[in-house]
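For reference, structure.tsv (TSV, C-alpha atoms):
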chain	number	residue	atom	x	y	z
A	1	MET	CA	50.17	7.84	19.83
A	2	ARG	CA	49.21	9.71	16.70
A	3	ARG	CA	47.01	7.81	14.31
A	4	THR	CA	47.48	8.34	10.58
A	5	PHE	CA	44.89	7.76	7.90
A	6	GLY	CA	46.27	6.04	4.84
A	7	PRO	CA	44.70	5.39	1.44
A	8	ARG	CA	43.24	2.09	2.65
A	9	THR	CA	41.44	3.71	5.58
A	10	LEU	CA	40.23	6.53	3.33
A	11	GLY	CA	38.94	4.00	0.82
A	12	LYS	CA	37.00	2.14	3.52
A	13	GLY	CA	35.53	5.42	4.73
A	14	LEU	CA	34.38	6.37	1.25
A	15	LEU	CA	32.86	2.91	0.75
A	16	VAL	CA	30.93	3.18	4.02
A	17	ALA	CA	29.74	6.67	3.05
A	18	VAL	CA	28.54	5.45	-0.35
A	19	LEU	CA	26.70	2.51	1.24
A	20	LEU	CA	25.04	4.80	3.79
A	21	ILE	CA	23.91	7.21	1.08
A	22	PHE	CA	22.65	4.34	-1.06
A	23	THR	CA	20.74	2.88	1.90
A	24	LEU	CA	19.36	6.04	3.50
A	25	PHE	CA	18.59	8.16	0.44
A	26	PRO	CA	15.27	6.42	-0.41
A	27	ALA	CA	14.05	7.00	3.16
A	28	TYR	CA	15.15	10.64	3.04
A	29	TRP	CA	13.43	11.17	-0.33
A	30	MET	CA	10.24	9.63	0.99
A	31	ILE	CA	10.15	11.79	4.13
A	32	SER	CA	11.19	15.03	2.44
A	33	SER	CA	8.67	14.54	-0.39
A	34	SER	CA	5.90	13.95	2.14
A	35	PHE	CA	6.42	17.52	3.42
A	36	ASP	CA	6.86	19.08	-0.05
A	37	ALA	CA	3.85	20.95	-1.39
A	38	ARG	CA	5.03	20.39	-4.97
A	39	ALA	CA	5.37	16.61	-4.64
A	40	SER	CA	1.86	15.92	-5.93
A	41	SER	CA	2.69	17.61	-9.23
A	42	GLY	CA	6.03	15.79	-9.54
A	43	GLY	CA	8.07	18.92	-8.76
A	44	GLN	CA	9.67	17.77	-5.51
A	45	SER	CA	13.35	18.50	-4.90
A	46	LEU	CA	16.08	17.26	-2.57
A	47	ILE	CA	15.19	20.01	-0.10
A	48	PRO	CA	11.46	20.92	0.05
A	49	GLN	CA	10.93	24.44	-1.25
A	50	GLU	CA	7.38	24.72	0.10
A	51	PHE	CA	6.94	22.99	3.45
A	52	THR	CA	3.42	21.70	4.14
A	53	LEU	CA	1.44	19.24	6.26
A	54	ASP	CA	-1.40	19.05	3.77
A	55	ASN	CA	-0.28	15.65	2.48
A	56	TYR	CA	-0.63	14.14	5.95
A	57	LEU	CA	-3.96	15.86	6.55
A	58	PHE	CA	-5.22	14.53	3.23
A	59	VAL	CA	-4.07	10.99	4.06
A	60	PHE	CA	-5.94	10.93	7.38
A	61	GLU	CA	-9.03	12.93	6.43
A	62	GLU	CA	-9.69	11.88	2.83
A	63	GLY	CA	-7.74	8.63	2.77
A	64	GLN	CA	-9.12	7.26	6.08
A	65	PHE	CA	-5.65	6.13	7.04
A	66	GLY	CA	-6.46	6.18	10.75
A	67	LEU	CA	-8.92	3.32	10.17
A	68	PHE	CA	-6.38	1.39	8.09
A	69	LEU	CA	-3.73	1.79	10.80
A	70	LYS	CA	-6.15	0.40	13.39
A	71	ASN	CA	-6.99	-2.60	11.19
A	72	SER	CA	-3.33	-3.35	10.51
A	73	ALA	CA	-2.50	-3.02	14.22
A	74	ILE	CA	-5.23	-5.52	15.12
A	75	VAL	CA	-4.09	-8.01	12.47
A	76	ALA	CA	-0.40	-7.65	13.38
A	77	PHE	CA	-1.04	-7.94	17.12
A	78	PHE	CA	-3.03	-11.16	16.94
A	79	THR	CA	-0.74	-12.65	14.30
A	80	VAL	CA	2.35	-12.04	16.43
A	81	LEU	CA	0.64	-13.17	19.65
A	82	ILE	CA	-0.90	-16.39	18.35
A	83	SER	CA	2.07	-17.40	16.18
A	84	GLY	CA	4.43	-16.82	19.11
A	85	ILE	CA	2.42	-19.00	21.50
A	86	VAL	CA	1.75	-21.81	19.03
A	87	ALA	CA	5.29	-21.82	17.61
A	88	LEU	CA	6.83	-21.92	21.09
A	89	LEU	CA	4.74	-24.89	22.18
A	90	ALA	CA	5.29	-26.70	18.87
A	91	SER	CA	9.06	-26.08	18.94
A	92	VAL	CA	9.26	-27.52	22.46
A	93	ALA	CA	7.37	-30.60	21.26
A	94	VAL	CA	9.61	-31.29	18.26
A	95	ALA	CA	12.85	-30.45	20.12
A	96	ARG	CA	12.22	-32.23	23.41
A	97	PHE	CA	9.81	-35.09	22.78
A	98	LYS	CA	10.28	-38.13	20.58
A	99	PHE	CA	7.23	-39.26	18.66
A	100	LYS	CA	6.38	-41.06	15.45
A	101	PHE	CA	6.90	-39.10	12.21
A	102	ARG	CA	8.84	-36.43	14.10
A	103	THR	CA	11.34	-36.03	11.24
A	104	ALA	CA	8.53	-35.99	8.70
A	105	VAL	CA	6.86	-33.12	10.57
A	106	LEU	CA	10.06	-31.07	10.50
A	107	ILE	CA	10.55	-31.73	6.80
A	108	LEU	CA	6.93	-30.79	6.12
A	109	VAL	CA	7.36	-27.53	8.04
A	110	LEU	CA	10.46	-26.69	6.02
A	111	THR	CA	8.81	-27.68	2.72
A	112	VAL	CA	5.91	-25.29	3.28
A	113	GLN	CA	8.41	-22.41	3.21
A	114	MET	CA	9.46	-23.38	-0.32
A	115	VAL	CA	5.99	-22.96	-1.85
A	116	PRO	CA	5.57	-19.58	-3.62
A	117	LEU	CA	2.90	-17.49	-1.93
A	118	GLU	CA	1.30	-16.66	-5.27
A	119	ALA	CA	0.52	-20.35	-5.80
A	120	LEU	CA	-1.55	-20.37	-2.60
A	121	VAL	CA	-3.82	-17.42	-3.37
A	122	ILE	CA	-6.67	-19.39	-4.95
A	123	PRO	CA	-6.61	-22.40	-2.54
A	124	LEU	CA	-6.55	-20.14	0.51
A	125	PHE	CA	-9.25	-17.90	-0.94
A	126	VAL	CA	-11.50	-20.94	-1.41
A	127	GLN	CA	-10.83	-22.18	2.12
A	128	VAL	CA	-11.45	-18.78	3.70
A	129	ARG	CA	-14.65	-18.43	1.66
A	130	ASP	CA	-15.87	-21.86	2.78
A	131	LEU	CA	-15.16	-20.89	6.38
A	132	GLN	CA	-17.24	-17.73	5.80
A	133	MET	CA	-14.32	-15.50	6.78
A	134	LEU	CA	-14.07	-13.41	3.63
A	135	ASN	CA	-13.92	-9.65	4.21
A	136	THR	CA	-13.03	-10.16	7.88
A	137	LEU	CA	-9.84	-9.42	9.80
A	138	LEU	CA	-10.10	-12.86	11.41
A	139	GLY	CA	-9.75	-14.57	8.03
A	140	LEU	CA	-6.67	-12.49	7.27
A	141	VAL	CA	-5.11	-13.36	10.63
A	142	VAL	CA	-5.66	-17.07	9.96
A	143	VAL	CA	-3.93	-16.81	6.58
A	144	TYR	CA	-0.98	-14.89	8.01
A	145	LEU	CA	-0.62	-17.52	10.73
A	146	ALA	CA	-0.33	-20.15	8.01
A	147	PHE	CA	2.60	-18.17	6.54
A	148	SER	CA	4.45	-17.29	9.72
A	149	LEU	CA	4.08	-20.46	11.78
A	150	PRO	CA	6.33	-22.79	9.70
A	151	PHE	CA	9.25	-20.37	9.84
A	152	ALA	CA	8.63	-19.58	13.51
A	153	ILE	CA	8.50	-23.26	14.50
A	154	TRP	CA	11.64	-24.11	12.56
A	155	MET	CA	13.61	-21.20	14.00
A	156	LEU	CA	12.43	-21.61	17.59
A	157	ARG	CA	13.27	-25.30	17.49
A	158	GLY	CA	16.95	-24.32	17.28
A	159	PHE	CA	16.65	-22.10	20.34
A	160	VAL	CA	14.88	-24.78	22.39
A	161	ALA	CA	17.41	-27.43	21.34
A	162	ALA	CA	20.25	-25.10	22.42
A	163	VAL	CA	18.95	-25.03	26.02
A	164	PRO	CA	20.72	-27.80	28.01
A	165	VAL	CA	18.35	-30.52	29.17
A	166	GLU	CA	20.25	-30.57	32.48
A	167	LEU	CA	18.68	-27.21	33.40
A	168	GLU	CA	15.22	-28.66	33.10
A	169	GLU	CA	16.20	-31.78	35.01
A	170	ALA	CA	17.64	-29.63	37.81
A	171	ALA	CA	14.35	-27.75	38.03
A	172	TYR	CA	12.45	-31.03	38.27
A	173	LEU	CA	14.74	-32.23	41.07
A	174	ASP	CA	14.07	-28.99	42.96
A	175	GLY	CA	10.37	-29.80	42.87
A	176	ALA	CA	9.28	-27.47	40.07
A	177	SER	CA	6.28	-28.50	38.00
A	178	TRP	CA	6.48	-28.56	34.20
A	179	GLY	CA	4.63	-25.26	34.04
A	180	ARG	CA	6.95	-23.61	36.55
A	181	MET	CA	10.02	-24.95	34.73
A	182	PHE	CA	8.62	-23.66	31.43
A	183	ARG	CA	8.00	-20.17	32.81
A	184	SER	CA	11.13	-19.78	34.92
A	185	VAL	CA	13.78	-21.74	33.02
A	186	LEU	CA	12.91	-22.40	29.39
A	187	LEU	CA	10.97	-19.26	28.46
A	188	PRO	CA	13.63	-16.71	29.55
A	189	LEU	CA	16.33	-18.58	27.61
A	190	VAL	CA	14.21	-18.88	24.46
A	191	ALA	CA	12.97	-15.27	24.66
A	192	PRO	CA	15.55	-13.90	22.14
A	193	GLY	CA	14.38	-16.42	19.55
A	194	LEU	CA	10.77	-15.56	20.30
A	195	VAL	CA	11.56	-11.90	19.60
A	196	ALA	CA	13.26	-12.77	16.30
A	197	THR	CA	10.31	-14.84	15.09
A	198	SER	CA	7.87	-12.16	16.26
A	199	ILE	CA	9.60	-9.64	14.01
A	200	PHE	CA	9.09	-11.93	11.02
A	201	SER	CA	5.41	-12.40	11.89
A	202	PHE	CA	4.97	-8.64	12.37
A	203	ILE	CA	6.49	-7.84	8.98
A	204	VAL	CA	4.29	-10.42	7.27
A	205	ALA	CA	1.13	-9.03	8.86
A	206	TRP	CA	2.03	-5.36	8.40
A	207	ASN	CA	3.40	-5.26	4.84
A	208	GLU	CA	1.58	-8.05	2.98
A	209	PHE	CA	-0.62	-6.86	0.10
A	210	ILE	CA	-1.73	-9.68	-2.22
A	211	PHE	CA	-3.73	-11.74	0.26
A	212	ALA	CA	-5.06	-8.67	2.05
A	213	MET	CA	-6.42	-7.32	-1.23
A	214	THR	CA	-7.83	-10.72	-2.23
A	215	LEU	CA	-9.54	-11.49	1.07
A	216	LEU	CA	-10.67	-7.96	1.99
A	217	GLY	CA	-11.47	-6.59	-1.46
A	218	GLY	CA	-15.19	-6.35	-0.71
A	219	ALA	CA	-14.92	-4.56	2.64
A	220	ALA	CA	-13.35	-1.11	2.46
A	221	ASP	CA	-13.74	-0.61	6.22
A	222	LYS	CA	-11.46	-3.61	6.84
A	223	TYR	CA	-8.59	-2.49	4.61
A	224	THR	CA	-5.05	-2.60	5.99
A	225	VAL	CA	-2.39	0.05	5.36
A	226	ALA	CA	-0.96	-1.88	2.39
A	227	ILE	CA	-4.32	-1.71	0.60
A	228	GLY	CA	-4.93	1.85	1.77
A	229	LEU	CA	-1.72	2.99	0.10
A	230	LYS	CA	-2.99	1.70	-3.25
A	231	GLN	CA	-5.79	4.27	-3.41
A	232	PHE	CA	-3.29	7.08	-4.06
A	233	PHE	CA	-2.08	5.44	-7.27
A	234	GLY	CA	-4.13	6.32	-10.33
A	235	VAL	CA	-4.42	4.76	-13.76
A	236	HIS	CA	-2.55	7.53	-15.59
A	237	SER	CA	-0.92	9.47	-12.73
A	238	ASN	CA	0.01	9.12	-9.07
A	239	ASP	CA	-0.59	11.53	-6.21
A	240	TRP	CA	2.99	11.46	-4.95
A	241	GLY	CA	2.50	13.78	-1.99
A	242	PRO	CA	-0.05	11.56	-0.21
A	243	VAL	CA	1.83	8.45	-1.40
A	244	MET	CA	5.00	9.58	0.35
A	245	ALA	CA	3.09	10.74	3.44
A	246	ALA	CA	1.25	7.42	3.72
A	247	SER	CA	4.50	5.49	3.16
A	248	THR	CA	6.16	7.46	5.97
A	249	ILE	CA	3.24	6.72	8.29
A	250	ILE	CA	3.43	3.01	7.45
A	251	THR	CA	7.17	2.93	8.12
A	252	ILE	CA	7.04	4.55	11.57
A	253	PRO	CA	5.49	1.58	13.48
A	254	VAL	CA	8.01	-0.79	11.87
A	255	MET	CA	10.91	1.45	12.91
A	256	ILE	CA	9.59	1.72	16.46
A	257	PHE	CA	9.16	-2.06	16.67
A	258	PHE	CA	12.72	-2.66	15.46
A	259	ILE	CA	14.18	-0.10	17.86
A	260	LEU	CA	12.44	-1.72	20.82
A	261	VAL	CA	13.66	-5.25	20.02
A	262	GLN	CA	16.97	-4.50	18.29
A	263	GLY	CA	19.18	-5.73	21.14
A	264	ARG	CA	17.34	-9.01	21.56
A	265	LEU	CA	17.16	-9.52	17.80
A	266	SER	CA	20.92	-9.51	17.20
A	267	GLY	CA	21.59	-11.70	20.20
A	268	GLY	CA	18.76	-14.03	19.31
A	269	LEU	CA	19.88	-14.62	15.74
A	270	VAL	CA	23.39	-15.57	16.91
A	271	ALA	CA	22.13	-17.76	19.71
A	272	GLY	CA	19.76	-19.62	17.42
A	273	ALA	CA	22.63	-20.65	15.18
A	274	VAL	CA	24.48	-22.46	17.97
A	275	LYS	CA	22.54	-25.69	17.76
A	276	GLY	CA	19.86	-26.91	15.40
So that I can check it, write out the structure of this file as structure tokens.
Amino acid sequence: MRRTFGPRTLGKGLLVAVLLIFTLFPAYWMISSSFDARASSGGQSLIPQEFTLDNYLFVFEEGQFGLFLKNSAIVAFFTVLISGIVALLASVAVARFKFKFRTAVLILVLTVQMVPLEALVIPLFVQVRDLQMLNTLLGLVVVYLAFSLPFAIWMLRGFVAAVPVELEEAAYLDGASWGRMFRSVLLPLVAPGLVATSIFSFIVAWNEFIFAMTLLGGAADKYTVAIGLKQFFGVHSNDWGPVMAASTIITIPVMIFFILVQGRLSGGLVAGAVKG
């Protein structure tokens, strides 16, 4: 059967093409400019006329971006790990067990998400200072946990509630302990939601700038990639070559992380909407 393409199909194709160009062009411009020798002087073009790796060499040698990548990786790893464990245990508690003020706890968790982050800069700075965690990666991890945990608990609660209680009861009847049931029954079914919340925690820890700059401003050796990128912006001019090279380097770990968990992310978001 011969398929014909009418005006409606052509219109949809053009719309998809426009959306793809609109979405992908900033990424292309960033990558191409990072390899353009004329980018630093503002003379970059759609296709680099003078290909160079000097921008990347400058970023790692003069900009110390290797150190910043290591700091960001440490912060992101512990933020994702700790928030995942705590959120999973907390979501099981609020979804499976009945206790006093249970509804109030859920409302409080949701309310925390409504507070603008900018309003928390000074209070959190004072608390971190009093805990003697200023200019340390540990203090930054603690702050990021405070951001990511409410969302993670609220989202994972839906995944836990969607798991039939009968599965857990069947495991108990077969002689499984609570720990064995948690590992073999509940955890595999909640894993997609855990992946989805881990992505949120990773993005918070990797891209956040305001709190990182506030809490690590006095320790250049503890800077994350978000702060490290700032050094290529001047008062009167910007060094666009290194800026684009550093931006490309920052984007690569995020892309890799998304590629690795893409399948579980889409399935997890749909599954979490089944029951709340």
Between atom CA of A:Leu173 and atom CA of A:Ala93, measure the distance and give it in Å to one decimal.
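If I compute the distance from atom CA of A:Leu173 to atom CA of A:Ala93, I get 21.2 Å.
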Take atom CA of A:Ser83 and atom CA of A:Ala176 and report the distance between them in Å, one decimal.
26.9 Å
Surrounding residues of A:Leu120 excluding itself and chain neighbours under 4 positions, 12 Å, only C-alpha atoms, as a PyMOL selection string
chain A and resi 112-116+124-128+143-144+146-147+210-211+214
Go ahead and compute the interatomic distance for atom CA of A:Ile250 and atom CA of A:Trp206, in Å to one decimal.
8.5 Å
Determine, counting all atoms listed in the file, which protein, DNA and RNA residues have an atom within 10 Å of an atom of stretch 253-256 of chain A; residues of the same chain fewer than 2 positions away are not included. Present the result as a VMD selection string.
chain A and resid 69 73 199 202 to 203 206 to 207 248 to 251 258 to 262
Identify, on the basis of all atoms listed in the file, every residue whose closest approach to stretch 227-244 of chain A does not exceed 10 Å; exclude the query and any residue fewer than 2 positions from it along the same chain; express the result as an MDAnalysis selection string.
chainID A and resid 27 29:44 53:60 63:65 67:69 207:210 212:213 216:217 220 222:225 246:250
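Nearest residue to A:Ala95 among A:Ile252, A:Ala226, A:Ile21, A:Ala161 is A:Ala161, counting all atoms listed in the file.
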Kindly list the centre and edge lengths in Å, rounded to one decimal, for the axis-aligned box that covers all listed atoms of stretch 195-202 of chain A plus 6 Å on each of its six sides, as lines of an AutoDock Vina configuration file.
center_x = 9.1
center_y = -11.7
center_z = 15.3
size_x = 20.3
size_y = 18.2
size_z = 20.6
Distance cut-off 8 Å, centre (12.0, -27.6, 9.1) in file coordinates, counting only C-alpha atoms: which residues qualify? Return them as JSON, numbers by chain.
{"A": [105, 106, 107, 108, 109, 110, 111, 150, 151, 153, 154]}
How would you write as number ranges by chain the residues that get within 10 Å of (11.7, -13.5, 17.1) in the file's frame, counting only C-alpha atoms?
A: 80, 84, 152, 155-156, 190-202, 261, 264-265, 268-269
Would you please work out which residue, of A:Gly175, A:Leu46, A:Ser91, A:Ser184, is nearest to A:Gly158 when using all atoms listed in the file?
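Nearest to A:Gly158: A:Ser91.
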